[in-house]
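Data first, discussion second: the structure below is written as structure tokens.
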Amino acid sequence: MRKFLTIFASFIFFNLIFANNLEFTSTQIQANESGVIELLLDNPEDEIAGIQLQIVDYPNHGFFTNIEPTDRLANFMVSFEEQANGSVIVLAFSLSGDVINTGSGAIFSLTYQSNNQYSSEISVSLIPEASLLGDITGTPLEYTFTDGTITVLGENPPDIQSVENLTATGGYGSISLFWDDPNVVD
């Protein structure tokens with residue numbers, strides 16, 4: 001039993017040390033302007049043959065206008081498409097069988113356009129269940145990821161005011177609420 005625990009602990013330890021890691025950098029931009037962040041890949045053990053990522057920005061106060069591969073993806077085809085929910089799916093692979101060699105550094109430069117006039121902190125992250133790194137056989141590889149932040153400098157958002165003329169109408173098993181909302185922007 002002791003030998004099993006030693007082997008198991010060693011396995012976990014080495015997987016944590018040698019795990020692939022994706023990390024978004026952070027940046028600061030002016031409201032309604034654009035800026036660039038990078039997605040870094042540290043893959044000390046695994047050669048990466050394919051990438052599928054679903055990237056989200058929360059709150060969704062902008063969109064990605066361009067995603068450019070770096071030299072680490074020299075012979076890869078890269079495609080990206082914004083989804084109806086505001087996320088972006090990015091695919092990268094090589095038709096000639098090239099791989100991302102072990103190492104570390106940026107793999108994508110992502111241009112983000114703010115579409116909000118107010119100051120905010122936007123978290124850029126991955127949806128893990130929709131993202132993967134694959135080896136040459138298409139087998140998914142383990143990875144960790146670190147969010148990035150886009151700080152938007154703009155106007156302070158207006159104060160939120162409480163609703164007015166709140167009324168409640170009771171019914172059998174339900175209550176209907178009606179009110180005037182002064183926070184609505186025309």
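Residue names in the structure tokens use chain letters A, B, ... in the order shown, residue numbers from 1 in each chain, and ligand numbers from 1 in the order shown.
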
task = Name the residues in contact with Pro69 of chain A at a cut-off of 12 Å, using only C-alpha atoms, excluding same-chain residues fewer than 2 positions from it; report them as a list in words.
result = Glu38, Leu39, Leu40, Ile51, Asn66, Ile67, Asp71, Arg72, Leu73, Ala74, Asn75, Phe76, Met77, Val78, Ser79, Phe80, Val90, Leu91, Ala92, Phe93, Ile100, Gly105, Ala106, Ile107, Phe108, Ser109, Leu110 and Thr111 of chain A

message = Quick check for you: according to DSSP on this backbone, which residues of segment 6-163 of chain A are classed as strand (DSSP E or B)? Reply as a PyMOL selection string.
response = chain A and resi 20-24+27-30+34-43+48+50-58+62-69+77-82+88-93+100+103-114+118+120-126+132-134+140-141+143-146+148-153+155

query = Got a sec: who's within 9 Å of Pro44 of chain A, counting only C-alpha atoms, leaving out chain neighbours fewer than 6 positions off, as an MDAnalysis selection string?
reply = chainID A and resid 18:20 101:104

message = Which residues are close to Ile150 of chain A, i.e. within 8 Å by only C-alpha atoms, leaving aside same-chain residues fewer than 5 positions away? Reply as a PyMOL selection string.
response = chain A and resi 26-29+121-124

Mind dumping the selected residues with C-alpha atoms as a tab-separated table (two decimals), in the first residue's frame?
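Heads up, here's the output in selection-v9.tsv:
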chain	number	residue	atom	x	y	z
A	26	SER	CA	-3.95	41.71	-19.18
A	27	THR	CA	-4.22	45.19	-20.65
A	28	GLN	CA	-5.80	48.60	-20.11
A	29	ILE	CA	-7.79	50.42	-22.82
A	121	GLU	CA	-12.99	45.26	-15.47
A	122	ILE	CA	-13.55	42.52	-18.02
A	123	SER	CA	-12.40	39.00	-17.24
A	124	VAL	CA	-11.19	37.01	-20.26

inquiry  = Need the shell around segment 176-180 of chain A: protein/DNA/RNA residues with any atom at most 7 Å away, counting only C-alpha atoms. Skip same-chain ones fewer than 5 positions apart. Format as a list of chain:residue names?
reply    =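 Near neighbours after the sequence-gap exclusion: A:Val163, A:Glu164, A:Asn165, A:Leu166, A:Thr167, A:Ala168, A:Thr169, A:Gly170.
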
Restrict the selected residues to all heavy atoms and save them as an mmCIF file, in the first residue's frame.
data_model
loop_
_atom_site.group_PDB
_atom_site.id
_atom_site.type_symbol
_atom_site.label_atom_id
_atom_site.label_comp_id
_atom_site.auth_asym_id
_atom_site.auth_seq_id
_atom_site.Cartn_x
_atom_site.Cartn_y
_atom_site.Cartn_z
ATOM 1 N N VAL A 163 -36.882 51.251 -7.997
ATOM 2 C CA VAL A 163 -38.083 51.313 -8.824
ATOM 3 C C VAL A 163 -39.133 52.190 -8.167
ATOM 4 O O VAL A 163 -39.118 52.403 -6.955
ATOM 5 C CB VAL A 163 -38.630 49.900 -9.107
ATOM 6 C CG1 VAL A 163 -37.636 49.086 -9.898
ATOM 7 C CG2 VAL A 163 -39.032 49.204 -7.833
ATOM 8 N N GLU A 164 -40.077 52.686 -8.993
ATOM 9 C CA GLU A 164 -41.142 53.559 -8.501
ATOM 10 C C GLU A 164 -42.494 52.923 -8.813
ATOM 11 O O GLU A 164 -42.625 52.137 -9.740
ATOM 12 C CB GLU A 164 -41.037 54.933 -9.181
ATOM 13 C CG GLU A 164 -39.719 55.635 -8.904
ATOM 14 C CD GLU A 164 -39.490 56.860 -9.786
ATOM 15 O OE1 GLU A 164 -40.267 57.064 -10.743
ATOM 16 O OE2 GLU A 164 -38.535 57.587 -9.523
ATOM 17 N N ASN A 165 -43.515 53.320 -8.055
ATOM 18 C CA ASN A 165 -44.896 52.882 -8.284
ATOM 19 C C ASN A 165 -45.025 51.363 -8.284
ATOM 20 O O ASN A 165 -45.678 50.786 -9.146
ATOM 21 C CB ASN A 165 -45.451 53.466 -9.590
ATOM 22 C CG ASN A 165 -45.412 54.981 -9.597
ATOM 23 O OD1 ASN A 165 -45.657 55.626 -8.576
ATOM 24 N ND2 ASN A 165 -45.082 55.548 -10.740
ATOM 25 N N LEU A 166 -44.416 50.721 -7.308
ATOM 26 C CA LEU A 166 -44.484 49.263 -7.201
ATOM 27 C C LEU A 166 -45.850 48.843 -6.681
ATOM 28 O O LEU A 166 -46.316 49.337 -5.661
ATOM 29 C CB LEU A 166 -43.383 48.747 -6.264
ATOM 30 C CG LEU A 166 -43.374 47.251 -5.985
ATOM 31 C CD1 LEU A 166 -43.109 46.484 -7.287
ATOM 32 C CD2 LEU A 166 -42.313 46.921 -4.951
ATOM 33 N N THR A 167 -46.518 47.974 -7.440
ATOM 34 C CA THR A 167 -47.792 47.432 -6.999
ATOM 35 C C THR A 167 -47.753 45.915 -7.149
ATOM 36 O O THR A 167 -47.061 45.384 -8.015
ATOM 37 C CB THR A 167 -48.982 47.983 -7.833
ATOM 38 O OG1 THR A 167 -48.783 47.664 -9.200
ATOM 39 C CG2 THR A 167 -49.116 49.483 -7.673
ATOM 40 N N ALA A 168 -48.507 45.251 -6.289
ATOM 41 C CA ALA A 168 -48.614 43.793 -6.331
ATOM 42 C C ALA A 168 -50.079 43.415 -6.430
ATOM 43 O O ALA A 168 -50.921 43.946 -5.710
ATOM 44 C CB ALA A 168 -47.986 43.186 -5.087
ATOM 45 N N THR A 169 -50.365 42.503 -7.344
ATOM 46 C CA THR A 169 -51.720 42.006 -7.515
ATOM 47 C C THR A 169 -51.700 40.515 -7.256
ATOM 48 O O THR A 169 -50.997 39.774 -7.956
ATOM 49 C CB THR A 169 -52.236 42.290 -8.947
ATOM 50 O OG1 THR A 169 -52.122 43.686 -9.213
ATOM 51 C CG2 THR A 169 -53.660 41.842 -9.112
ATOM 52 N N GLY A 170 -52.458 40.097 -6.259
ATOM 53 C CA GLY A 170 -52.482 38.691 -5.900
ATOM 54 C C GLY A 170 -53.506 37.909 -6.712
ATOM 55 O O GLY A 170 -54.521 38.428 -7.130
#

query = Restricting the calculation to only C-alpha atoms, which member of A:Gln117, A:Asn21, A:Thr144, A:Ser125 is positioned closest to Ile37 of chain A?
reply = A:Ser125
